[in-house]
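Shown next, in structure tokens, is the structure this report addresses.
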Amino acid sequence: MTNNVIIFDTTLRDGEQALKASLTVKEKLQIALALERLGVDVMEVGFPVSSSGDFESVQTIARHIKNSRVAALSRAVDKDIDAAYEALRVAEAYRIHTFIASSALHVEAKLKSTFEDVVERAVKAVKRARNYTDDVEFSCEDAGRTGIDNICRIVEAAINAGATTVNIPDTVGFCLPTEYGNMIHQVMNRVPNIDKAIVSVHCHNDLGMATANSLTAVMNGARQIECTINGIGERAGNTALEEVVMAIKTRQDMFGIDTRINTQEIHRVSQMVSQLCNMPIQPNKAIVGDNAFAHSSGIHQDGMLKNKNTYEIMSPESIGLKKEKLNLTARSGRAAVKGHMADMGYTESDYDLDKLYEAFLKLADKKGQVFDYDLEALAFIDMQQGDEDRLKLDKISAHSVSEFPATSFVQLELDGEKLSTVSTGGNGPVDATYNAILALTGLEITMSHYNLTAKGEGAEALGQVDIVVEHEGRKFHGVGLATDIIESSARALIHAINAIYRSHKVADLKAKHTQGV
Ligand code: KIV
Ligand code: ZN
């Protein structure tokens with residue numbers, strides 16, 4: 001049995017499938033590269049048969065990742081397995097992950113089938129995947145509600161067919177830790193060929209048990225944990241990577257095993273996933289919440305000053321939180337900006353220094369001091385902007401006087417041409433600004449989500465606006481950051497509109513292609 005726990009990250013598959021608006025290929029690649037630096041053993045990055053976009057992103061990631069194994073999901077269906085292979089074959093090392101449901105409820109109500117037939121389909125799927133690679137994972141979906149005899153039967157059959165990892169998912173987050181731990185114990189002791197495969201766990205957090213269940217499973221012999229950054233995923237999410245990794249590290253006395261994760265990357269990748277996925281982190285979230293290392297009570301602060309161990313079981317530095325240092329100002333040069341980015345763990349290939357420096361100078365002029373978290377936020381925004389944005393914000397001036405509709409003057413640049421108008425809005429200056437932008441672009445858009453968050457602290461904080469808009473049946477995410485919230489709102493809408501323009505371009509190209517032009 002291996003002495004490390006394999007960390008299988010599924011942020012870009014189980015996590016991504018639960019987002020309000022899907023990520024672009026560029027955003028997925030950015031996250032995949034961060035996961036590689038974090039040191040995940042396996043990253044599951046999509047479900048290639050589900051759409052051409054998913055296929056393309058799996059293939060792009062597979063081409064770039066060199067130090068983690070890249071996995072893709074497939075149902076126990078020939079065309080899914082073939083699509084997973086086609087997308088993954090360019091990777092240095094890859095895994096095909098195939099699954100079928102095993103609980104009586106899923107087998108009867110969803111698959112309209114029998115358990116015998118499911119076992120046969122599982123065996124056939126694993127064999128097909130083994131024709132492509134010797135790294136095949138099999139999952140019996142809803143194992144948490146499957147009788148133990150049937151779990152043992154299907155797991156044994158999958159291993160005989162060639163599965164090298166067998167995953168026991170608690171798909172609906174139903175199990176309690178002792179129950180789930182016992183299930184893994186039974187699998188380890190009753191499946192005769194279990195020594196030929198790694199036992200994996202995949203827990204959902206519907207009852208808030210995902211971390212406890214995964215760790216209890218490890219104590220009972222599981223050696224792979226499937227998890228996501230910040231615990232994102234279907235419904236209440238998946239096991240949070242940062243929680244299981246830091247628990248195993250902090251409680252070495254209980255586990256006696258380790259992971260390959262470079263824990264100092266945790267904070268950075270957590271921020272990146274939160275930002276790009278438009279999924280804020282609750283302040284009291286274990287390990288990565290804003291308050292996870294904050295001490296409020298006087299008694300605690302006194303204890304911390306005397307000896308940090310009184311109230312700190314792990315250090316903020318161990319997850320990559322750096323101590324405050326000198327802040328940047330408008331007089332700081334490019335080298336200083338690059339130096340601060342390097343201290344936060346970013347290499348120059350992660351961002352465009354020219355664009356970042358230009359944005360930094362604008363912000364420094366407005367704000368005076370620029371903190372590391374401001375710089376990081378600017379870099380994230382840059383990662384989300386496309387290379388060729390058709391629409392740009394030129395000028396904006398919004399006014400509101402109580403009891404009267406607000407007015408907003410907006411000047412945009414569309415394909416290099418300046419356009420301006422004044423609009424009103426009954427719901428205030430953001431409404432007026434949005435009406436102006438939509439009047440100038442003529443697009444039909446419905447706003448389905450608007451969220452404003454402060455980036456940074458106190459009056460110095462930047463306002464970040466995240467929106468999701470719907471256009472022609474598709475959802476698009478837009479994000480904007482500025483010292484002024486009307487400007488951040490405008491930038492978020494412009495960001496989403498540029499994504500819409502890009503999607504039109506792709507559709508036009510596809511149409512031309514099919515007409516043979
Ligand atoms: O929750 C689940 O059962 C899954 C499987 C596809 C592994 O995500
Ligand atoms: Zn899942």
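Letters for chains follow the order of the structure tokens (A, B, ...), residue numbers begin at 1 for each chain, and ligand numbers begin at 1 in the order shown.
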Give me, as a ChimeraX atom specification, the set of residues whose atoms come within 12 Å of any atom of ligand 2, counting only C-alpha atoms and all ligand atoms. /A:9-18,44,73,99,101,139-144,167-173,201-206,210,225-228,231-239
Output N, CA and C atoms for every residue in that selection, as a compact mmCIF listing (two decimals), in the first residue's frame.
```txt
# COMPACT_ATOMS: atom_id res chain seq x y z
N ASP A 9 -7.74 15.95 -7.84
CA ASP A 9 -8.52 17.19 -7.81
C ASP A 9 -9.56 17.17 -8.93
N THR A 10 -10.80 17.49 -8.58
CA THR A 10 -11.86 17.52 -9.60
C THR A 10 -12.54 18.89 -9.70
N THR A 11 -11.77 19.94 -9.33
CA THR A 11 -12.29 21.31 -9.42
C THR A 11 -12.81 21.62 -10.83
N LEU A 12 -12.08 21.17 -11.84
CA LEU A 12 -12.45 21.53 -13.22
C LEU A 12 -13.47 20.57 -13.83
N ARG A 13 -13.90 19.57 -13.08
CA ARG A 13 -14.99 18.70 -13.57
C ARG A 13 -16.19 18.79 -12.62
N ASP A 14 -16.11 18.18 -11.43
CA ASP A 14 -17.27 18.22 -10.52
C ASP A 14 -17.51 19.66 -10.06
N GLY A 15 -16.42 20.40 -9.83
CA GLY A 15 -16.55 21.80 -9.39
C GLY A 15 -17.13 22.66 -10.49
N GLU A 16 -16.58 22.54 -11.67
CA GLU A 16 -16.97 23.43 -12.78
C GLU A 16 -18.40 23.17 -13.23
N GLN A 17 -18.84 21.89 -13.15
CA GLN A 17 -20.19 21.59 -13.66
C GLN A 17 -21.28 22.24 -12.80
N ALA A 18 -20.90 22.74 -11.61
CA ALA A 18 -21.90 23.35 -10.73
C ALA A 18 -21.89 24.88 -10.81
N GLU A 44 -8.78 15.96 -12.60
CA GLU A 44 -9.87 15.60 -13.53
C GLU A 44 -10.37 16.92 -14.11
N LEU A 73 -13.68 12.37 -17.50
CA LEU A 73 -14.79 11.51 -17.09
C LEU A 73 -15.54 10.95 -18.31
N PHE A 99 -17.76 5.64 -15.09
CA PHE A 99 -18.63 5.38 -13.93
C PHE A 99 -20.01 4.89 -14.37
N ALA A 101 -23.95 3.98 -12.09
CA ALA A 101 -24.59 3.97 -10.77
C ALA A 101 -24.80 2.53 -10.28
N SER A 139 -15.81 4.15 -11.04
CA SER A 139 -16.62 4.64 -9.91
C SER A 139 -18.00 4.01 -9.94
N CYS A 140 -18.46 3.54 -8.78
CA CYS A 140 -19.85 3.07 -8.70
C CYS A 140 -20.64 4.21 -8.06
N GLU A 141 -21.29 4.97 -8.92
CA GLU A 141 -22.00 6.17 -8.46
C GLU A 141 -23.05 5.80 -7.41
N ASP A 142 -23.21 6.67 -6.43
CA ASP A 142 -24.16 6.48 -5.32
C ASP A 142 -23.81 5.24 -4.49
N ALA A 143 -22.50 4.94 -4.40
CA ALA A 143 -22.07 3.81 -3.57
C ALA A 143 -22.52 4.02 -2.12
N GLY A 144 -22.59 5.28 -1.69
CA GLY A 144 -22.99 5.58 -0.30
C GLY A 144 -24.34 4.99 0.05
N ASN A 167 -13.27 3.72 -7.14
CA ASN A 167 -13.76 4.87 -6.37
C ASN A 167 -15.13 4.55 -5.79
N ILE A 168 -15.30 4.90 -4.51
CA ILE A 168 -16.54 4.59 -3.78
C ILE A 168 -17.22 5.93 -3.43
N PRO A 169 -17.97 6.52 -4.36
CA PRO A 169 -18.50 7.86 -4.10
C PRO A 169 -19.72 7.88 -3.18
N ASP A 170 -19.71 8.85 -2.27
CA ASP A 170 -20.93 9.17 -1.52
C ASP A 170 -21.54 10.34 -2.29
N THR A 171 -22.18 9.99 -3.40
CA THR A 171 -22.64 10.96 -4.39
C THR A 171 -23.58 12.03 -3.84
N VAL A 172 -24.41 11.63 -2.87
CA VAL A 172 -25.40 12.59 -2.37
C VAL A 172 -25.09 13.02 -0.93
N GLY A 173 -23.89 12.75 -0.46
CA GLY A 173 -23.48 13.22 0.87
C GLY A 173 -24.35 12.68 1.99
N VAL A 201 -11.86 7.70 -2.58
CA VAL A 201 -13.12 8.18 -2.02
C VAL A 201 -13.49 9.53 -2.63
N HIS A 202 -14.79 9.75 -2.75
CA HIS A 202 -15.31 10.95 -3.41
C HIS A 202 -16.57 11.32 -2.63
N CYS A 203 -16.47 12.33 -1.79
CA CYS A 203 -17.59 12.62 -0.89
C CYS A 203 -18.21 13.98 -1.19
N HIS A 204 -19.53 14.01 -1.16
CA HIS A 204 -20.23 15.30 -1.29
C HIS A 204 -20.62 15.77 0.10
N ASN A 205 -20.92 17.07 0.19
CA ASN A 205 -20.97 17.71 1.50
C ASN A 205 -22.38 18.06 1.96
N ASP A 206 -23.38 17.32 1.48
CA ASP A 206 -24.77 17.69 1.77
C ASP A 206 -25.07 17.79 3.26
N ALA A 210 -18.25 15.84 4.35
CA ALA A 210 -17.34 15.38 3.28
C ALA A 210 -15.90 15.22 3.78
N ILE A 225 -7.97 10.55 -2.36
CA ILE A 225 -9.11 11.42 -2.01
C ILE A 225 -9.43 12.29 -3.22
N GLU A 226 -10.72 12.28 -3.60
CA GLU A 226 -11.15 13.18 -4.67
C GLU A 226 -11.71 14.44 -4.02
N CYS A 227 -11.29 15.58 -4.49
CA CYS A 227 -11.64 16.81 -3.79
C CYS A 227 -11.55 18.01 -4.73
N THR A 228 -12.01 19.16 -4.26
CA THR A 228 -11.95 20.37 -5.08
C THR A 228 -11.43 21.53 -4.24
N GLY A 231 -13.80 23.43 -1.91
CA GLY A 231 -14.96 22.52 -1.77
C GLY A 231 -16.06 22.79 -2.77
N ILE A 232 -15.74 23.45 -3.91
CA ILE A 232 -16.84 23.73 -4.84
C ILE A 232 -17.31 22.43 -5.49
N GLY A 233 -18.54 22.42 -5.95
CA GLY A 233 -19.06 21.20 -6.61
C GLY A 233 -20.57 21.13 -6.52
N GLU A 234 -21.09 20.03 -7.04
CA GLU A 234 -22.55 19.85 -7.08
C GLU A 234 -23.19 20.15 -5.73
N ARG A 235 -24.29 20.87 -5.73
CA ARG A 235 -25.08 21.21 -4.53
C ARG A 235 -24.20 21.82 -3.43
N ALA A 236 -24.05 21.10 -2.29
CA ALA A 236 -23.25 21.65 -1.18
C ALA A 236 -21.76 21.45 -1.42
N GLY A 237 -21.40 20.90 -2.55
CA GLY A 237 -19.99 20.80 -2.92
C GLY A 237 -19.36 19.46 -2.60
N ASN A 238 -18.05 19.41 -2.87
CA ASN A 238 -17.23 18.20 -2.66
C ASN A 238 -16.34 18.41 -1.44
N THR A 239 -15.58 17.39 -1.11
CA THR A 239 -14.55 17.51 -0.08
C THR A 239 -13.59 18.64 -0.48
```
Give me, as a ChimeraX atom specification, the residues of segment 255-455 of chain A that a backbone DSSP run labels helix (DSSP H, G or I). /A:255,263-277,298-306,308-310,316-319,334-343,348-350,353-367,372-384,429-441
Given the choices A:Val77, A:Val166, A:Val410, A:Ala482, which gets closest to ligand 1 if the distance is worked out from only C-alpha atoms and all ligand atoms? A:Val166
